[in-house]
Amino acid sequence: MQSSSRWGARRLSATTRGIPLVDGLATAEIGSQRWQPARGDLALPALTLDEAAFGANRDLFLRWCSGAGVAVAPHAKTPMSPELALSLREAGAWGTTVANIQQAAVLLAHGERRLLLANEIGGLAAGRRLGALLSAYPDVEFHAFADSPAAVASLAEAAHLSGRGDISVLVELGAGRAGARDRAAIEAVIAAVLASKGLSLGGVATYEGAVATPDTEETAFAIAKLMERTIEAFTLVRSAAAGRPLILSAGGSAYFDVVAAALVPVARRDGNTRVVLRSGALFFADHGIYARAFAEVDRRGGLVIDGVRRCAAQSFRPALTLWAEVLSRPEARLAICGFGMRDASFDQGLPVPLRVLRDGVEQRDLAKTLTVTRLNDQQAFVGLPEDSPLAVGDIIAFGISHPCTCLDRWRVIYGLDADGTVTRALTTQFG
């Protein structure tokens with residue numbers, strides 16, 4: 001495994017967003033600088049991780065998983081940070097999920113040895129690439145999705161080239177994205193796996209988020225139908241793989257309680273099946289789609305941990321903050337801030353002003369009067385009252401919506417302690 005000392009040996013400079021004009025600073029030295037984004041010590045914009053909030057979210061969800069009878073392989077695509085993937089696994093995660101071969105290569109190179117590739121890999125050329133990768137890591141436990149005989153053929157090519165006889169194939173059920181759509185497609189995948197050397201039936205997988213809509217009742221109905229189809233597919237896989245340990249996997253981030261309620265009873269009746277969620281973004285939470293998702297969890301009954309019902313919306317805490325300066329007050333009701341679409345997610349909602357600081361001192365209640373109205377490449381347009389005291393040089397802390405599409409804009413995010421001081425630099429490896 002790559003050690004934390006090797007992570008810390010990476011050197012950063014002003015070519016990395018957030019780093020002031022210093023050259024060759026090792027990531028291990030970041031914490032000793034005692035930088036605080038609220039004082040403007042970082043070169044803004046910068047993205048930070050509240051270490052305590054992330055740790056609390058991690059421990060809370062793992063406790064819920066244990067009580068609910070499910071395992072979790074957190075989706076590494078959210079932060080693509082080997083350090084955070086390791087921290088989740090060391091805290092009790094069953095394994096790690098990746099979305100493609102490149103992500104698998106990153107996580108394997110950093111020591112992960114139980115991977116779930118939650119996607120089809122492509123054609124035979126992709127199979128050859130995967131085979132070359134797996135041949136370098138003969139000790140990895142590897143599971144991958146397939147929704148067609150062509151997808152199975154690609155995995156068989158990987159098994160052949162890597163010399164492995166144990167690539168586990170999960171039949172993917174789908175609606176709204178990839179995944180087998182009917183019984184005939186499921187049976188075709190099962191038959192292809194059984195006929196292929198080096199492959200074994202590993203279970204069934206699906207992604208419930210693909211059928212979600214803005215309508216709550218419509219979403220509940222669609223997920224229920226998808227769970228029914230998933231269970232039917234599991235029955236077919238179990239018949240073809242008698243006696244084998246199997247996996248039932250779902251996405252689980254926004255609807256973890258729903259899929260657990262549907263799948264855990266099936267696994268318990270079977271006695272040789274593990275339910276594996278692939279939740280990733282919920283460990284970061286947010287001020288947008290996950291805030292709304294947790295409110296829906298509460299509407300469905302909340303978190304039950306050790307027999308105690310807890311409020312999900314209050315228990316999960318947003319861990320990501322985007323920091324930026326006010327650059328201009330060109331109009332009475334408009335301020336321009338120094339971040340844009342290259343810095344923040346906007347596909348599921350615009351950033352939300354949380355705090356305003358001037359010379360490190362919080363300007364109480366000022367953030368409540370501000371609204372981000374739109375973004376361009378490098379600037380945020382902030383609406384505000386005509387008589388607002390917001391001034392050029394003020395620093396605003398923003399909450400974001402959708403961690404996945406915010407984190408992938410950053411090569412480095414900065415861990416913060418309870419005092420708002422940078423503790424470390426977490427490098428991301430999106431490729």
# chains A, B, ... in the order shown; residues from 1 in each chain; ligands from 1

$ residues_around --residues "segment 298-302 of chain A" --least-positions-apart "2" --cutoff "12 Å" --atoms "only C-alpha atoms" --output "number ranges by chain"
A: 64, 216-217, 220, 254-258, 261, 291-296, 304-305, 307-316

$ write_last_selection --atoms "N, CA and C atoms" --output "short mmCIF file (atom, residue, chain, number, x, y, z; two decimals), in the first residue's frame"
data_model
loop_
_atom_site.label_atom_id
_atom_site.label_comp_id
_atom_site.auth_asym_id
_atom_site.auth_seq_id
_atom_site.Cartn_x
_atom_site.Cartn_y
_atom_site.Cartn_z
N TRP A 64 -25.37 2.88 10.81
CA TRP A 64 -26.68 2.55 10.25
C TRP A 64 -26.59 1.29 9.40
N THR A 216 -42.30 12.80 -5.80
CA THR A 216 -41.97 11.84 -4.75
C THR A 216 -42.72 10.53 -4.90
N GLU A 217 -44.02 10.59 -5.15
CA GLU A 217 -44.81 9.37 -5.27
C GLU A 217 -44.42 8.58 -6.52
N ALA A 220 -41.14 6.82 -5.74
CA ALA A 220 -41.34 5.66 -4.86
C ALA A 220 -41.87 4.46 -5.65
N ALA A 254 -29.16 8.38 -2.02
CA ALA A 254 -30.35 9.14 -1.63
C ALA A 254 -31.47 8.25 -1.12
N TYR A 255 -31.43 6.95 -1.45
CA TYR A 255 -32.53 6.05 -1.13
C TYR A 255 -32.02 4.80 -0.40
N PHE A 256 -30.99 4.98 0.42
CA PHE A 256 -30.39 3.83 1.09
C PHE A 256 -31.39 3.07 1.95
N ASP A 257 -32.29 3.80 2.60
CA ASP A 257 -33.27 3.14 3.46
C ASP A 257 -34.28 2.34 2.65
N VAL A 258 -34.64 2.85 1.48
CA VAL A 258 -35.63 2.18 0.63
C VAL A 258 -35.07 0.88 0.07
N ALA A 261 -34.57 -1.82 2.79
CA ALA A 261 -35.84 -2.44 3.19
C ALA A 261 -36.29 -3.47 2.18
N ALA A 291 -29.28 17.51 1.08
CA ALA A 291 -30.11 18.09 2.14
C ALA A 291 -31.58 17.72 1.91
N ARG A 292 -32.01 17.81 0.65
CA ARG A 292 -33.39 17.42 0.33
C ARG A 292 -33.59 15.92 0.48
N ALA A 293 -32.58 15.13 0.09
CA ALA A 293 -32.70 13.68 0.21
C ALA A 293 -32.83 13.25 1.66
N PHE A 294 -32.06 13.86 2.55
CA PHE A 294 -32.14 13.50 3.96
C PHE A 294 -33.49 13.91 4.56
N ALA A 295 -34.04 15.01 4.08
CA ALA A 295 -35.39 15.39 4.53
C ALA A 295 -36.40 14.34 4.11
N GLU A 296 -36.20 13.75 2.93
CA GLU A 296 -37.10 12.69 2.48
C GLU A 296 -36.91 11.42 3.30
N VAL A 304 -32.83 4.82 11.91
CA VAL A 304 -32.98 4.02 13.12
C VAL A 304 -31.65 3.33 13.38
N ILE A 305 -30.99 3.72 14.47
CA ILE A 305 -29.69 3.17 14.83
C ILE A 305 -29.75 2.71 16.27
N GLY A 307 -31.91 0.98 17.64
CA GLY A 307 -33.27 1.11 18.14
C GLY A 307 -33.74 2.53 18.38
N VAL A 308 -32.87 3.51 18.10
CA VAL A 308 -33.21 4.91 18.33
C VAL A 308 -33.40 5.60 16.99
N ARG A 309 -34.52 6.31 16.85
CA ARG A 309 -34.79 7.04 15.62
C ARG A 309 -34.10 8.41 15.67
N ARG A 310 -33.36 8.73 14.60
CA ARG A 310 -32.64 9.99 14.53
C ARG A 310 -33.06 10.76 13.30
N CYS A 311 -32.91 12.03 13.36
CA CYS A 311 -33.25 12.91 12.24
C CYS A 311 -32.07 12.92 11.26
N ALA A 312 -32.30 12.42 10.05
CA ALA A 312 -31.22 12.37 9.05
C ALA A 312 -30.78 13.77 8.65
N ALA A 313 -31.72 14.68 8.48
CA ALA A 313 -31.39 16.03 8.04
C ALA A 313 -30.49 16.77 9.04
N GLN A 314 -30.63 16.44 10.31
CA GLN A 314 -29.79 17.08 11.33
C GLN A 314 -28.54 16.27 11.63
N SER A 315 -28.59 14.97 11.39
CA SER A 315 -27.45 14.12 11.74
C SER A 315 -26.33 14.17 10.72
N PHE A 316 -26.69 14.19 9.42
CA PHE A 316 -25.67 14.35 8.38
C PHE A 316 -25.33 15.84 8.24
#

$ residues_around --residues "Gly360 of chain A" --least-positions-apart "2" --cutoff "7 Å" --atoms "only C-alpha atoms" --output "list in words"
Ala38, Arg39, Leu357, Arg358 and Glu362 of chain A

$ write_last_selection --atoms "C-alpha atoms" --output "compact mmCIF listing (two decimals), in the first residue's frame"
# COMPACT_ATOMS: atom_id res chain seq x y z
CA ALA A 38 -11.60 32.80 6.36
CA ARG A 39 -8.60 35.13 6.72
CA LEU A 357 -16.04 37.40 6.60
CA ARG A 358 -14.18 40.69 6.60
CA GLU A 362 -17.80 37.13 10.49

$ residues_around --residues "Val106 of chain A" --least-positions-apart "2" --cutoff "9 Å" --atoms "only C-alpha atoms" --output "PyMOL selection string"
chain A and resi 80+82+101-104+108-110+429-431

$ select_by_dssp --residues "segment 38-265 of chain A" --states "helix (DSSP H, G or I)" --output "MDAnalysis selection string"
chainID A and resid 38:39 51:68 82:91 101:109 124:135 149:162 183:194 208:211 216:240 256:265

$ closest_atom_pairs --of "segment 306-382 of chain A" --to "segment 414-418 of chain A" --cutoff "10 Å" --atoms "only C-alpha atoms" --output "Markdown table"
| residue | atom | partner | partner_atom | distance |
| --- | --- | --- | --- | --- |
| A:Ala319 | CA | A:Leu416 | CA | 9.6 |
| A:Leu320 | CA | A:Gly415 | CA | 9.4 |
| A:Thr321 | CA | A:Tyr414 | CA | 9.8 |

$ write_last_selection --atoms "all heavy atoms" --output "CSV table (one decimal), in the first residue's frame"
chain,number,residue,atom,x,y,z
A,319,ALA,N,-20.0,18.8,4.5
A,319,ALA,CA,-18.6,18.8,4.8
A,319,ALA,C,-17.8,19.7,3.8
A,319,ALA,O,-16.6,20.0,4.1
A,319,ALA,CB,-18.0,17.4,4.8
A,320,LEU,N,-18.4,20.0,2.7
A,320,LEU,CA,-17.6,20.8,1.7
A,320,LEU,C,-18.0,22.3,1.8
A,320,LEU,O,-19.2,22.6,1.9
A,320,LEU,CB,-17.9,20.3,0.3
A,320,LEU,CG,-17.4,18.8,0.0
A,320,LEU,CD1,-17.9,18.4,-1.3
A,320,LEU,CD2,-15.9,18.7,0.2
A,321,THR,N,-17.0,23.1,1.7
A,321,THR,CA,-17.2,24.6,1.6
A,321,THR,C,-16.4,25.2,0.5
A,321,THR,O,-15.2,24.8,0.4
A,321,THR,CB,-16.8,25.3,2.9
A,321,THR,OG1,-17.6,24.7,4.0
A,321,THR,CG2,-17.1,26.8,2.9

$ atom_distance --atom1 "atom CA of Ala156 of chain A" --atom2 "atom CA of Lys197 of chain A"
6.7 Å

$ closest_atom_pairs --of "segment 248-330 of chain A" --to "segment 384-390 of chain A" --cutoff "10 Å" --atoms "only C-alpha atoms" --output "CSV"
residue,atom,partner,partner_atom,distance
A:Val326,CA,A:Leu390,CA,8.2
A:Ser328,CA,A:Leu390,CA,9.9
A:Arg329,CA,A:Leu390,CA,8.3

$ residues_around --residues "His287 of chain A" --least-positions-apart "4" --cutoff "7 Å" --atoms "only C-alpha atoms" --output "JSON list (two decimals) with C-alpha atoms, in the first residue's frame"
[["chain", "number", "residue", "atom", "x", "y", "z"],
["A", 291, "ALA", "CA", -30.11, 18.09, 2.14],
["A", 318, "PRO", "CA", -22.36, 19.23, 4.96],
["A", 399, "GLY", "CA", -22.29, 25.53, 0.49],
["A", 400, "ILE", "CA", -22.63, 23.42, -2.64],
["A", 401, "SER", "CA", -25.16, 21.03, -4.15]]

$ closest_residue --among "A:Trp410, A:Cys404, A:Val382, A:Ile396" --to "Asp347 of chain A" --atoms "only C-alpha atoms"
A:Cys404

$ residues_around --residues "Thr427 of chain A" --least-positions-apart "2" --cutoff "10 Å" --atoms "only C-alpha atoms" --output "ChimeraX atom specification"
/A:7-8,10,12,27,79-84,410-414,424-425,429-430

$ write_last_selection --atoms "C-alpha atoms" --output "short mmCIF file (atom, residue, chain, number, x, y, z; two decimals), in the first residue's frame"
data_model
loop_
_atom_site.label_atom_id
_atom_site.label_comp_id
_atom_site.auth_asym_id
_atom_site.auth_seq_id
_atom_site.Cartn_x
_atom_site.Cartn_y
_atom_site.Cartn_z
CA TRP A 7 1.12 11.09 -0.28
CA GLY A 8 2.75 13.76 1.85
CA ARG A 10 3.86 15.45 -3.29
CA LEU A 12 2.44 21.87 -4.50
CA THR A 27 1.66 18.27 1.06
CA PRO A 79 -13.73 12.42 -4.48
CA MET A 80 -11.25 10.15 -6.33
CA SER A 81 -9.06 10.52 -3.28
CA PRO A 82 -7.18 7.34 -2.30
CA GLU A 83 -6.72 8.77 1.19
CA LEU A 84 -10.44 9.18 1.74
CA TRP A 410 -10.31 20.20 -7.98
CA ARG A 411 -6.85 18.65 -7.94
CA VAL A 412 -6.49 19.43 -4.23
CA ILE A 413 -9.02 19.99 -1.45
CA TYR A 414 -8.01 21.27 1.98
CA ARG A 424 -3.81 18.83 5.23
CA ALA A 425 -4.04 18.82 1.45
CA GLN A 429 -6.89 11.74 -9.03
CA PHE A 430 -9.63 12.14 -11.60
#

$ closest_residue --among "A:Arg269, A:His402, A:Arg244, A:Arg89" --to "Gly111 of chain A" --atoms "only C-alpha atoms"
A:Arg89

$ residues_around --residues "Gly280 of chain A" --least-positions-apart "3" --cutoff "9 Å" --atoms "only C-alpha atoms" --output "list in words"
Ala73, Pro74, His75, Ala76, Lys77, Thr78, Pro79, Thr97, Gly251, Gly252, Ser253, Phe283, Phe284 and Cys404 of chain A

$ write_last_selection --atoms "N, CA and C atoms" --output "mmCIF file, in the first residue's frame"
data_model
loop_
_atom_site.group_PDB
_atom_site.id
_atom_site.type_symbol
_atom_site.label_atom_id
_atom_site.label_comp_id
_atom_site.auth_asym_id
_atom_site.auth_seq_id
_atom_site.Cartn_x
_atom_site.Cartn_y
_atom_site.Cartn_z
ATOM 1 N N ALA A 73 -19.700 -0.329 -0.132
ATOM 2 C CA ALA A 73 -18.452 -0.128 -0.873
ATOM 3 C C ALA A 73 -18.526 1.288 -1.434
ATOM 4 N N PRO A 74 -18.075 2.287 -0.684
ATOM 5 C CA PRO A 74 -18.269 3.688 -1.091
ATOM 6 C C PRO A 74 -17.728 3.966 -2.490
ATOM 7 N N HIS A 75 -18.502 4.744 -3.236
ATOM 8 C CA HIS A 75 -18.113 5.025 -4.617
ATOM 9 C C HIS A 75 -16.979 6.040 -4.647
ATOM 10 N N ALA A 76 -15.817 5.584 -5.107
ATOM 11 C CA ALA A 76 -14.632 6.440 -5.122
ATOM 12 C C ALA A 76 -14.715 7.538 -6.164
ATOM 13 N N LYS A 77 -15.657 7.441 -7.115
ATOM 14 C CA LYS A 77 -15.742 8.470 -8.146
ATOM 15 C C LYS A 77 -16.095 9.833 -7.557
ATOM 16 N N THR A 78 -16.706 9.852 -6.365
ATOM 17 C CA THR A 78 -17.096 11.139 -5.789
ATOM 18 C C THR A 78 -15.874 12.010 -5.508
ATOM 19 N N PRO A 79 -14.897 11.563 -4.693
ATOM 20 C CA PRO A 79 -13.728 12.420 -4.477
ATOM 21 C C PRO A 79 -12.489 11.989 -5.260
ATOM 22 N N THR A 97 -15.962 1.106 -4.539
ATOM 23 C CA THR A 97 -16.579 1.079 -5.861
ATOM 24 C C THR A 97 -15.866 2.051 -6.784
ATOM 25 N N GLY A 251 -27.385 1.429 -5.511
ATOM 26 C CA GLY A 251 -26.620 2.666 -5.324
ATOM 27 C C GLY A 251 -26.642 3.148 -3.898
ATOM 28 N N GLY A 252 -27.830 3.470 -3.409
ATOM 29 C CA GLY A 252 -27.991 3.699 -1.991
ATOM 30 C C GLY A 252 -27.746 5.086 -1.440
ATOM 31 N N SER A 253 -27.314 6.063 -2.235
ATOM 32 C CA SER A 253 -27.001 7.350 -1.615
ATOM 33 C C SER A 253 -28.244 8.089 -1.130
ATOM 34 N N PHE A 283 -21.436 10.789 2.227
ATOM 35 C CA PHE A 283 -20.415 11.011 3.253
ATOM 36 C C PHE A 283 -20.016 12.492 3.318
ATOM 37 N N PHE A 284 -20.245 13.208 2.222
ATOM 38 C CA PHE A 284 -19.935 14.635 2.175
ATOM 39 C C PHE A 284 -21.175 15.474 2.470
ATOM 40 N N CYS A 404 -20.317 15.250 -6.123
ATOM 41 C CA CYS A 404 -19.575 14.589 -7.204
ATOM 42 C C CYS A 404 -19.084 15.579 -8.243
#
